[in-house]
$ cat target.txt   # compact mmCIF, C-alpha atoms
# COMPACT_ATOMS: atom_id res chain seq x y z
CA MET A 1 -47.12 11.16 63.01
CA LYS A 2 -50.02 12.55 60.99
CA LYS A 3 -48.34 15.93 60.94
CA LYS A 4 -45.13 14.35 59.63
CA TYR A 5 -46.98 12.79 56.70
CA MET A 6 -48.65 16.08 55.94
CA VAL A 7 -45.25 17.77 55.76
CA LEU A 8 -43.83 15.09 53.46
CA GLY A 9 -46.91 15.29 51.26
CA GLY A 10 -46.57 19.03 51.05
CA ILE A 11 -42.93 18.74 50.02
CA PHE A 12 -43.83 16.19 47.34
CA ILE A 13 -46.53 18.47 45.94
CA LEU A 14 -44.10 21.38 45.91
CA LEU A 15 -41.59 19.31 43.99
CA ILE A 16 -44.22 18.40 41.40
CA VAL A 17 -45.31 22.00 41.11
CA TYR A 18 -41.68 23.07 40.71
CA ALA A 19 -41.07 20.46 38.02
CA VAL A 20 -44.19 21.53 36.13
CA TYR A 21 -43.20 25.15 36.52
CA ARG A 22 -39.71 24.44 35.23
CA SER A 23 -41.08 22.50 32.28
CA PHE A 24 -43.75 24.90 31.17
CA PHE A 25 -42.88 28.35 32.47
CA VAL A 26 -39.09 28.54 32.70
CA PHE A 27 -37.37 29.04 29.34
CA GLU A 28 -34.24 26.86 29.01
CA THR A 29 -31.65 27.92 26.44
CA VAL A 30 -30.91 25.20 23.87
CA ASN A 31 -28.59 24.75 20.91
CA THR A 32 -30.45 23.97 17.71
CA VAL A 33 -29.75 22.90 14.16
CA ALA A 34 -31.82 23.35 11.02
CA VAL A 35 -32.71 20.19 9.11
CA ASN A 36 -31.45 20.62 5.56
CA LYS A 37 -30.59 18.43 2.62
CA GLY A 38 -26.99 17.56 2.00
CA LYS A 39 -24.55 14.82 1.04
CA LEU A 40 -23.82 11.85 3.27
CA VAL A 41 -20.69 9.88 2.45
CA THR A 42 -20.47 6.25 3.59
CA LEU A 43 -16.94 5.22 4.51
CA ILE A 44 -15.14 1.97 5.19
CA TYR A 45 -12.47 2.41 7.84
CA ALA A 46 -9.21 0.47 7.72
CA THR A 47 -5.70 0.65 9.09
CA GLY A 48 -2.52 -0.17 7.24
CA THR A 49 1.15 0.46 6.56
CA VAL A 50 3.22 1.85 3.73
CA THR A 51 4.85 -0.69 1.42
CA ALA A 52 6.15 -0.71 -2.16
CA ASP A 53 5.65 -2.66 -5.36
CA SER A 54 9.29 -2.28 -6.42
CA LEU A 55 11.37 -3.46 -3.48
CA ALA A 56 14.45 -5.56 -4.21
CA THR A 57 17.32 -7.27 -2.40
CA LEU A 58 20.54 -7.10 -4.42
CA ARG A 59 22.87 -10.11 -3.96
CA SER A 60 26.32 -10.83 -5.34
CA GLU A 61 26.39 -13.25 -8.28
CA ILE A 62 30.07 -14.16 -7.91
CA ALA A 63 32.59 -14.21 -5.08
CA GLY A 64 35.23 -11.51 -4.87
CA THR A 65 36.77 -8.57 -3.05
CA VAL A 66 34.79 -5.34 -3.06
CA ILE A 67 36.84 -2.55 -4.68
CA PHE A 68 34.02 -0.04 -5.26
CA THR A 69 30.66 0.70 -3.67
CA ASN A 70 28.29 3.59 -4.14
CA GLY A 71 25.42 2.22 -2.10
CA THR A 72 25.27 4.52 0.89
CA GLU A 73 21.89 4.25 2.60
CA GLY A 74 19.51 6.98 1.49
CA THR A 75 21.22 7.65 -1.86
CA PHE A 76 19.23 7.75 -5.10
CA HIS A 77 20.37 5.85 -8.22
CA ARG A 78 19.08 5.70 -11.77
CA LYS A 79 18.30 2.35 -13.37
CA ASN A 80 21.43 0.38 -14.42
CA SER A 81 23.77 2.49 -12.30
CA VAL A 82 26.85 0.59 -11.04
CA ILE A 83 26.42 0.34 -7.28
CA LEU A 84 29.17 -2.21 -6.49
CA ARG A 85 32.21 -3.67 -8.19
CA THR A 86 34.45 -6.58 -7.16
CA ASP A 87 38.08 -7.15 -8.13
CA ALA A 88 38.06 -8.68 -11.63
CA ALA A 89 41.80 -8.63 -12.43
CA ASP A 90 41.98 -12.44 -12.60
CA LEU A 91 38.93 -12.55 -14.85
CA ALA A 92 40.46 -9.98 -17.18
CA LEU A 93 43.62 -12.09 -17.47
CA ARG A 94 41.62 -15.23 -18.13
CA ILE A 95 39.62 -13.43 -20.81
CA LYS A 96 42.83 -12.30 -22.50
CA GLN A 97 44.19 -15.86 -22.31
CA SER A 98 40.95 -17.26 -23.76
CA GLU A 99 41.08 -14.82 -26.63
CA THR A 100 44.66 -15.96 -27.35
CA ASP A 101 43.58 -19.60 -27.14
CA ILE A 102 40.76 -18.97 -29.61
CA ALA A 103 43.11 -17.30 -32.06
CA THR A 104 45.54 -20.24 -31.82
CA ALA A 105 42.76 -22.81 -32.15
CA GLU A 106 41.37 -21.03 -35.21
CA VAL A 107 44.78 -21.09 -36.92
CA GLU A 108 45.17 -24.80 -36.15
CA LEU A 109 41.64 -25.44 -37.37
CA GLN A 110 42.38 -23.70 -40.65
CA ASP A 111 45.45 -25.94 -41.13
CA LYS A 112 43.39 -29.06 -40.36
CA LYS A 113 40.69 -27.94 -42.77
CA ILE A 114 43.23 -27.46 -45.57
CA ASN A 115 44.76 -30.85 -44.84
CA TYR A 116 41.39 -32.57 -44.82
CA LYS A 117 40.35 -31.03 -48.17
CA ARG A 118 43.72 -32.00 -49.68
CA LEU A 119 43.38 -35.63 -48.58
CA LEU A 120 39.76 -35.71 -49.72
CA SER A 121 40.89 -34.67 -53.22
CA LEU A 122 43.60 -37.30 -53.21
CA TYR A 123 41.21 -39.94 -51.95
CA LYS A 124 38.89 -39.27 -54.86
CA GLY A 125 41.86 -39.97 -57.13
CA SER A 126 42.65 -43.13 -55.14
CA SER A 127 45.99 -41.67 -54.07
CA VAL A 128 45.46 -42.05 -50.27
CA ALA A 129 43.95 -44.71 -48.07
CA LYS A 130 40.52 -44.31 -46.47
CA LYS A 131 41.99 -44.49 -42.97
CA ASP A 132 44.23 -41.47 -43.65
CA LEU A 133 41.21 -39.45 -44.85
CA ASP A 134 39.23 -40.50 -41.76
CA ALA A 135 42.09 -39.43 -39.48
CA ALA A 136 42.24 -36.02 -41.17
CA LYS A 137 38.48 -35.66 -40.85
CA ARG A 138 38.65 -36.54 -37.15
CA ASP A 139 41.39 -33.96 -36.56
CA TYR A 140 39.34 -31.37 -38.40
CA ASP A 141 36.20 -32.13 -36.30
CA LEU A 142 38.22 -32.01 -33.10
CA GLY A 143 39.59 -28.63 -34.19
CA ILE A 144 36.05 -27.31 -34.61
CA ILE A 145 35.15 -28.59 -31.13
CA ALA A 146 38.26 -26.97 -29.66
CA VAL A 147 37.38 -23.59 -31.16
CA ASP A 148 33.77 -23.87 -29.95
CA ARG A 149 34.93 -24.85 -26.45
CA SER A 150 37.30 -21.88 -26.31
CA ARG A 151 34.53 -19.53 -27.42
CA ILE A 152 32.20 -20.92 -24.76
CA MET A 153 34.84 -20.42 -22.09
CA LEU A 154 35.40 -16.85 -23.27
CA ALA A 155 31.65 -16.16 -23.12
CA LYS A 156 31.48 -17.54 -19.57
CA GLU A 157 34.42 -15.47 -18.44
CA LYS A 158 32.95 -12.34 -20.00
CA GLU A 159 29.64 -13.11 -18.26
CA ALA A 160 31.50 -13.52 -14.97
CA LEU A 161 33.24 -10.20 -15.60
CA SER A 162 29.89 -8.51 -16.14
CA LYS A 163 28.70 -10.00 -12.84
CA SER A 164 31.60 -8.34 -11.04
CA GLU A 165 29.55 -5.15 -11.44
CA MET A 166 26.24 -4.89 -9.59
CA LYS A 167 23.70 -2.56 -11.22
CA THR A 168 20.42 -1.14 -9.97
CA PRO A 169 17.31 -2.81 -11.44
CA PHE A 170 15.22 0.40 -11.50
CA ASP A 171 15.31 4.02 -10.34
CA CYS A 172 15.75 3.48 -6.63
CA VAL A 173 16.83 4.61 -3.19
CA VAL A 174 19.12 2.43 -1.07
CA ILE A 175 17.43 1.56 2.24
CA SER A 176 19.97 -1.00 3.48
CA SER A 177 23.70 -1.50 2.82
CA LYS A 178 25.72 -4.43 4.18
CA VAL A 179 29.07 -4.20 2.35
CA THR A 180 32.09 -1.91 2.38
CA ILE A 181 35.24 -1.64 0.29
CA GLY A 182 37.67 -4.44 1.11
CA ASP A 183 35.02 -7.00 2.07
CA ASN A 184 35.52 -10.49 0.67
CA ILE A 185 32.03 -11.60 -0.28
CA ALA A 186 30.76 -15.00 -1.34
CA SER A 187 28.31 -15.68 -4.12
CA ASN A 188 24.69 -14.85 -3.17
CA THR A 189 25.71 -12.46 -0.37
CA GLU A 190 23.06 -9.84 0.43
CA CYS A 191 24.60 -6.45 -0.35
CA PHE A 192 21.77 -3.90 -0.62
CA ARG A 193 18.04 -3.45 -0.33
CA VAL A 194 16.58 -0.85 -2.66
CA ILE A 195 13.14 0.64 -3.21
CA ALA A 196 11.51 2.64 -6.00
CA PRO A 197 9.97 5.73 -4.34
CA SER A 198 7.43 6.04 -7.14
CA SER A 199 6.03 2.58 -6.30
CA LEU A 200 5.01 3.33 -2.71
CA LEU A 201 1.58 1.97 -1.78
CA VAL A 202 -0.57 1.71 1.33
CA GLU A 203 -1.38 -1.85 2.37
CA ALA A 204 -4.73 -1.71 4.18
CA GLU A 205 -6.36 -4.41 6.27
CA VAL A 206 -10.10 -4.41 5.46
CA ASP A 207 -12.59 -6.32 7.61
CA GLU A 208 -14.19 -9.22 5.74
CA GLN A 209 -17.71 -7.88 6.40
CA ASP A 210 -16.81 -4.72 4.43
CA LEU A 211 -14.88 -6.39 1.62
CA GLY A 212 -17.96 -6.89 -0.56
CA LYS A 213 -18.28 -3.11 -0.85
CA VAL A 214 -14.68 -2.59 -2.01
CA PHE A 215 -13.61 -2.52 -5.67
CA THR A 216 -10.61 -1.32 -7.67
CA GLY A 217 -10.65 2.35 -8.60
CA GLN A 218 -12.62 3.28 -5.49
CA GLN A 219 -11.82 6.69 -4.02
CA CYS A 220 -9.94 6.76 -0.69
CA LEU A 221 -8.78 9.30 1.85
CA VAL A 222 -5.53 8.40 3.60
CA ALA A 223 -4.00 9.87 6.76
CA PHE A 224 -0.55 9.11 8.16
CA ASP A 225 0.66 9.43 11.74
CA ALA A 226 3.74 11.15 10.32
CA PHE A 227 1.65 13.87 8.62
CA ARG A 228 -1.04 14.57 11.18
CA ASP A 229 -2.42 17.74 9.61
CA GLN A 230 -2.71 16.39 6.07
CA LYS A 231 -5.02 14.06 4.15
CA PHE A 232 -4.10 12.38 0.88
CA ASP A 233 -6.36 11.22 -1.95
CA GLY A 234 -5.92 7.77 -3.39
CA LYS A 235 -7.65 4.87 -5.13
CA VAL A 236 -8.02 1.16 -4.47
CA TYR A 237 -5.28 -0.38 -6.62
CA ARG A 238 -5.39 -4.11 -5.86
CA ILE A 239 -7.48 -6.47 -3.75
CA VAL A 240 -5.86 -9.70 -2.54
CA PRO A 241 -8.40 -12.57 -2.78
CA GLU A 242 -7.50 -14.10 0.58
CA THR A 243 -8.83 -13.51 4.09
CA ASP A 244 -6.68 -14.08 7.16
CA ARG A 245 -8.32 -16.72 9.35
CA THR A 246 -7.13 -15.07 12.54
CA THR A 247 -7.73 -11.37 11.92
CA LYS A 248 -10.67 -11.87 9.50
CA THR A 249 -9.23 -9.16 7.26
CA SER A 250 -8.07 -9.00 3.65
CA LYS A 251 -5.29 -6.97 2.08
CA VAL A 252 -6.29 -4.02 -0.08
CA PHE A 253 -3.60 -1.90 -1.72
CA VAL A 254 -4.22 1.82 -2.14
CA LYS A 255 -2.27 3.96 -4.60
CA LEU A 256 -1.88 7.61 -3.66
CA ASP A 257 -2.62 10.34 -6.20
CA ARG A 258 0.41 12.19 -4.83
CA ILE A 259 3.21 10.59 -2.82
CA PRO A 260 4.36 13.03 -0.10
CA ASP A 261 8.04 13.72 0.50
CA ASN A 262 9.63 11.60 3.24
CA LEU A 263 6.97 8.89 3.04
CA ASN A 264 8.70 5.70 4.16
CA THR A 265 7.85 2.02 4.12
CA GLY A 266 6.52 0.81 7.45
CA MET A 267 4.72 4.06 8.30
CA THR A 268 1.27 3.70 9.86
CA ALA A 269 -1.79 4.84 7.90
CA THR A 270 -5.53 5.22 8.43
CA ILE A 271 -7.63 4.67 5.32
CA ASN A 272 -11.20 5.77 4.61
CA ILE A 273 -12.59 4.02 1.53
CA VAL A 274 -15.60 5.80 0.01
CA ALA A 275 -18.25 3.06 -0.17
CA GLY A 276 -21.14 5.28 -1.22
CA VAL A 277 -22.41 8.84 -1.57
CA ASN A 278 -26.05 9.71 -0.80
CA GLU A 279 -26.86 13.00 -2.47
CA ASN A 280 -29.68 15.42 -1.58
CA VAL A 281 -30.83 13.70 1.63
CA LEU A 282 -31.96 15.16 4.96
CA VAL A 283 -29.04 15.07 7.37
CA ILE A 284 -29.06 15.58 11.16
CA PRO A 285 -26.39 15.16 13.87
CA LYS A 286 -26.44 11.83 15.67
CA THR A 287 -26.43 13.75 18.96
CA ALA A 288 -29.93 15.10 18.16
CA VAL A 289 -31.46 11.61 18.20
CA VAL A 290 -33.02 10.20 21.40
CA MET A 291 -33.71 6.48 21.71
CA LYS A 292 -36.89 5.69 23.65
CA ASN A 293 -38.54 2.27 23.77
CA GLY A 294 -36.66 1.19 20.67
CA ARG A 295 -37.76 4.23 18.69
CA ASN A 296 -35.74 7.17 17.42
CA SER A 297 -37.01 10.65 18.22
CA VAL A 298 -35.92 14.26 17.96
CA PHE A 299 -37.19 17.40 19.69
CA VAL A 300 -38.53 19.97 17.26
CA VAL A 301 -38.63 23.59 18.43
CA GLU A 302 -41.90 25.32 17.50
CA ASN A 303 -43.12 28.64 19.00
CA SER A 304 -40.52 28.37 21.78
CA LYS A 305 -41.78 24.92 22.79
CA LEU A 306 -40.50 21.40 22.30
CA ARG A 307 -42.35 18.73 20.37
CA GLU A 308 -41.02 15.19 20.47
CA THR A 309 -41.18 13.69 16.98
CA GLU A 310 -40.48 10.11 15.97
CA VAL A 311 -38.16 9.73 12.96
CA SER A 312 -36.90 6.93 10.76
CA LEU A 313 -33.16 6.94 10.06
CA GLY A 314 -31.35 5.77 6.98
CA VAL A 315 -27.59 5.64 6.46
CA SER A 316 -25.39 6.78 9.33
CA GLU A 317 -21.78 7.82 8.94
CA GLY A 318 -19.42 9.59 11.30
CA LYS A 319 -21.31 12.26 13.26
CA TYR A 320 -24.39 12.38 11.01
CA SER A 321 -27.44 10.31 10.07
CA GLU A 322 -29.89 10.41 7.20
CA VAL A 323 -33.55 11.07 8.04
CA SER A 324 -35.69 8.93 5.75
CA SER A 325 -39.08 9.96 7.19
CA GLY A 326 -40.82 11.83 10.00
CA LEU A 327 -39.14 15.22 9.69
CA PRO A 328 -39.70 17.88 7.02
CA GLU A 329 -36.90 19.94 5.59
CA GLY A 330 -36.40 23.24 7.37
CA SER A 331 -37.36 21.95 10.82
CA VAL A 332 -35.40 23.28 13.75
CA ILE A 333 -34.37 20.62 16.26
CA VAL A 334 -32.44 20.50 19.51
CA ALA A 335 -28.83 19.55 18.80
CA GLU A 336 -28.23 17.76 22.11
CA PRO A 337 -31.49 17.07 23.99
CA LYS A 338 -31.51 16.07 27.65
CA THR A 339 -33.20 12.92 28.90
CA GLU A 340 -35.73 14.91 30.93
CA TYR A 341 -37.02 16.91 27.94
CA VAL A 342 -40.75 16.48 27.20
CA THR A 343 -43.22 17.83 24.68
CA GLY A 344 -44.44 21.28 25.65
CA LYS A 345 -41.33 22.37 27.49
CA LYS A 346 -40.56 26.04 26.87
CA VAL A 347 -37.12 26.82 25.49
CA ARG A 348 -35.14 29.71 24.17
CA ILE A 349 -32.88 29.20 21.16
CA LYS A 350 -29.27 30.08 21.90
CA GLN A 351 -28.09 32.94 19.73
$ encode --input "target.txt" --output "structure tokens"
Amino acid sequence: MKKKYMVLGGIFILLIVYAVYRSFFVFETVNTVAVNKGKLVTLIYATGTVTADSLATLRSEIAGTVIFTNGTEGTFHRKNSVILRTDAADLALRIKQSETDIATAEVELQDKKINYKRLLSLYKGSSVAKKDLDAAKRDYDLGIIAVDRSRIMLAKEKEALSKSEMKTPFDCVVISSKVTIGDNIASNTECFRVIAPSSLLVEAEVDEQDLGKVFTGQQCLVAFDAFRDQKFDGKVYRIVPETDRTTKTSKVFVKLDRIPDNLNTGMTATINIVAGVNENVLVIPKTAVVMKNGRNSVFVVENSKLRETEVSLGVSEGKYSEVSSGLPEGSVIVAEPKTEYVTGKKVRIKQ
């Protein structure tokens, strides 16, 4: 039994000796980075979708039969282009009839005016009775009303005729069409949905804890799933002063500096809002930092040996952290230290 313990003790001692030997006499190759000053950009991450400021649903204002449509989905139209027309033959006839009625009423009114003035002159000379003058005056007033009524009817019919043509409200692309030639449509029927390509925006959902650091005009970097290899610059355009109670996010609209071709509403986007830029600060990779007993440390390489050094970190963003104290500029540190590394361990810097 005593011999067994002696063997186990010998093995234990050998293991310790081997560990010490490995730590102090065997050179391990390590990747290092030099600690230099640089720029650390603080970003606010958000997700969102593409939307548009100028997005309209075009509805019919009057009932009728569609005799012309130029609203094929995907087509571009300038502002005030005729995109749909309904049959207006009946309206044209009614307009012509109203114009004839106005001409007739105006002739009759002129006759009634002449008659009224004649009787008024005679009345002043006591040649006609007051009741005859009053009757002439009433006929004259009714003639004026008749002319005005006819003119109002003509204006309404002309307005209805203008509504038989549907025009685009702005330079737009048709994204939805629901009518074809020959359709009998009622008033207020949805015919088209159109969008102004120049008004495309990114609607981002920003977490409420980050919203205090967001303001209009702020620089952004936007990526789309549809354009995986490209990034697009933009600026915060609008901030909606309301937070969703369920998602705890608020809407922030981002306007792109350049709208890419084939960008469509509904596309998914990832937005990085630049919340701050720290210039001329010491920057190290996050992978170089070791957490021990609640303290941050790095391993400095000096004369082919490691020296564990406690550091204080400032702002962290992405893969990098700011070193606020504990490490001078120009230091060489291990990029990805192992948990078993200790001060004094011999290393060789990987070339």
$ closest_residue --input "target.txt" --among "A:Asn303, A:Ser331, A:Asn36, A:Thr270" --to "Val347 of chain A" --atoms "all atoms listed in the file"
A:Asn303
$ closest_residue --input "target.txt" --among "A:Lys167, A:Lys292, A:Lys113, A:Lys130" --to "Asn80 of chain A" --atoms "all atoms listed in the file"
A:Lys167
$ residues_around --input "target.txt" --residues "Ser316 of chain A" --least-positions-apart "3" --cutoff "12 Å" --atoms "all atoms listed in the file" --output "list in words"
Lys39, Leu40, Val41, Thr42, Leu43, Gly276, Val277, Asn278, Val281, Leu282, Val283, Ile284, Pro285, Lys286, Thr287, Val289, Ser312, Leu313, Lys319, Tyr320, Ser321, Glu322, Val323 and Ser324 of chain A
$ residues_around --input "target.txt" --residues "Asp132 of chain A" --least-positions-apart "4" --cutoff "10 Å" --atoms "all atoms listed in the file" --output "compact mmCIF listing (two decimals) with C-alpha atoms, in the frame of the given file"
# COMPACT_ATOMS: atom_id res chain seq x y z
CA TYR A 116 41.39 -32.57 -44.82
CA LEU A 119 43.38 -35.63 -48.58
CA LEU A 120 39.76 -35.71 -49.72
CA TYR A 123 41.21 -39.94 -51.95
CA VAL A 128 45.46 -42.05 -50.27
CA ALA A 136 42.24 -36.02 -41.17
CA LYS A 137 38.48 -35.66 -40.85
CA ARG A 138 38.65 -36.54 -37.15
$ atom_distance --input "target.txt" --atom1 "atom CA of Ala160 of chain A" --atom2 "atom CA of Ser98 of chain A"
13.4 Å
$ atom_distance --input "target.txt" --atom1 "atom CA of Gln230 of chain A" --atom2 "atom CA of Gly217 of chain A"
21.8 Å
$ closest_residue --input "target.txt" --among "A:Asn31, A:Ser54, A:Thr249, A:Ser297" --to "Ala196 of chain A" --atoms "only C-alpha atoms"
A:Ser54
$ atom_distance --input "target.txt" --atom1 "atom CA of Lys156 of chain A" --atom2 "atom CA of Ala88 of chain A"
13.6 Å
$ closest_residue --input "target.txt" --among "A:Val311, A:Ala135, A:Val107, A:Leu306" --to "Glu28 of chain A" --atoms "all atoms listed in the file"
A:Leu306
$ residues_near_point --input "target.txt" --point "(21.3, -1.0, -4.0)" --cutoff "9 Å" --atoms "all atoms listed in the file" --output "number ranges by chain"
A: 56-58, 70-73, 75, 77, 83-84, 166-169, 172-177, 191-195
$ residues_around --input "target.txt" --residues "Gly234 of chain A" --least-positions-apart "3" --cutoff "9 Å" --atoms "all atoms listed in the file" --output "number ranges by chain"
A: 217-222, 237, 254-258
$ closest_residue --input "target.txt" --among "A:Thr29, A:Thr243, A:Thr309, A:Ser164" --to "Val342 of chain A" --atoms "only C-alpha atoms"
A:Thr309
$ decode --input "target.txt" --residues "segment 178-196 of chain A" --atoms "N, CA, C and O atoms" --output "compact mmCIF listing (two decimals), in the first residue's frame"
# COMPACT_ATOMS: atom_id res chain seq x y z
N LYS A 178 -56.62 46.86 -59.88
CA LYS A 178 -57.78 45.99 -59.63
C LYS A 178 -58.90 46.18 -60.65
O LYS A 178 -60.01 45.71 -60.43
N VAL A 179 -58.63 46.90 -61.75
CA VAL A 179 -59.68 47.12 -62.75
C VAL A 179 -59.15 46.81 -64.15
O VAL A 179 -57.95 46.91 -64.40
N THR A 180 -60.08 46.45 -65.03
CA THR A 180 -59.74 46.23 -66.44
C THR A 180 -60.83 46.88 -67.29
O THR A 180 -61.92 47.22 -66.80
N ILE A 181 -60.53 47.05 -68.56
CA ILE A 181 -61.50 47.65 -69.48
C ILE A 181 -62.76 46.79 -69.52
O ILE A 181 -62.71 45.57 -69.61
N GLY A 182 -63.91 47.48 -69.45
CA GLY A 182 -65.20 46.79 -69.46
C GLY A 182 -65.81 46.61 -68.09
O GLY A 182 -67.00 46.28 -67.99
N ASP A 183 -65.03 46.81 -67.03
CA ASP A 183 -65.57 46.68 -65.68
C ASP A 183 -66.57 47.79 -65.39
O ASP A 183 -66.35 48.95 -65.75
N ASN A 184 -67.67 47.42 -64.76
CA ASN A 184 -68.63 48.41 -64.27
C ASN A 184 -68.30 48.67 -62.80
O ASN A 184 -68.49 47.79 -61.95
N ILE A 185 -67.80 49.84 -62.51
CA ILE A 185 -67.35 50.13 -61.15
C ILE A 185 -68.29 51.11 -60.48
O ILE A 185 -68.89 51.98 -61.12
N ALA A 186 -68.43 50.94 -59.16
CA ALA A 186 -69.25 51.85 -58.37
C ALA A 186 -68.38 52.99 -57.87
O ALA A 186 -67.16 52.96 -57.95
N SER A 187 -69.03 54.01 -57.33
CA SER A 187 -68.29 55.10 -56.72
C SER A 187 -67.50 54.57 -55.53
O SER A 187 -67.96 53.69 -54.80
N ASN A 188 -66.29 55.10 -55.34
CA ASN A 188 -65.40 54.73 -54.23
C ASN A 188 -64.81 53.32 -54.37
O ASN A 188 -64.37 52.74 -53.39
N THR A 189 -64.77 52.79 -55.58
CA THR A 189 -64.13 51.50 -55.82
C THR A 189 -62.62 51.67 -55.85
O THR A 189 -62.10 52.56 -56.52
N GLU A 190 -61.89 50.81 -55.13
CA GLU A 190 -60.42 50.86 -55.19
C GLU A 190 -59.96 50.38 -56.57
O GLU A 190 -60.30 49.27 -56.99
N CYS A 191 -59.19 51.21 -57.25
CA CYS A 191 -58.71 50.88 -58.59
C CYS A 191 -57.21 50.60 -58.63
O CYS A 191 -56.78 49.61 -59.22
N PHE A 192 -56.42 51.46 -57.98
CA PHE A 192 -54.96 51.32 -58.03
C PHE A 192 -54.36 51.71 -56.69
O PHE A 192 -54.95 52.48 -55.93
N ARG A 193 -53.17 51.17 -56.46
CA ARG A 193 -52.31 51.66 -55.38
C ARG A 193 -51.00 52.09 -56.04
O ARG A 193 -50.44 51.36 -56.86
N VAL A 194 -50.58 53.30 -55.72
CA VAL A 194 -49.37 53.85 -56.36
C VAL A 194 -48.40 54.34 -55.30
O VAL A 194 -48.79 54.66 -54.17
N ILE A 195 -47.13 54.40 -55.69
CA ILE A 195 -46.09 54.82 -54.76
C ILE A 195 -45.10 55.71 -55.50
O ILE A 195 -44.84 55.52 -56.69
N ALA A 196 -44.57 56.71 -54.79
CA ALA A 196 -43.53 57.57 -55.35
C ALA A 196 -42.18 56.96 -55.00
O ALA A 196 -41.81 56.92 -53.82
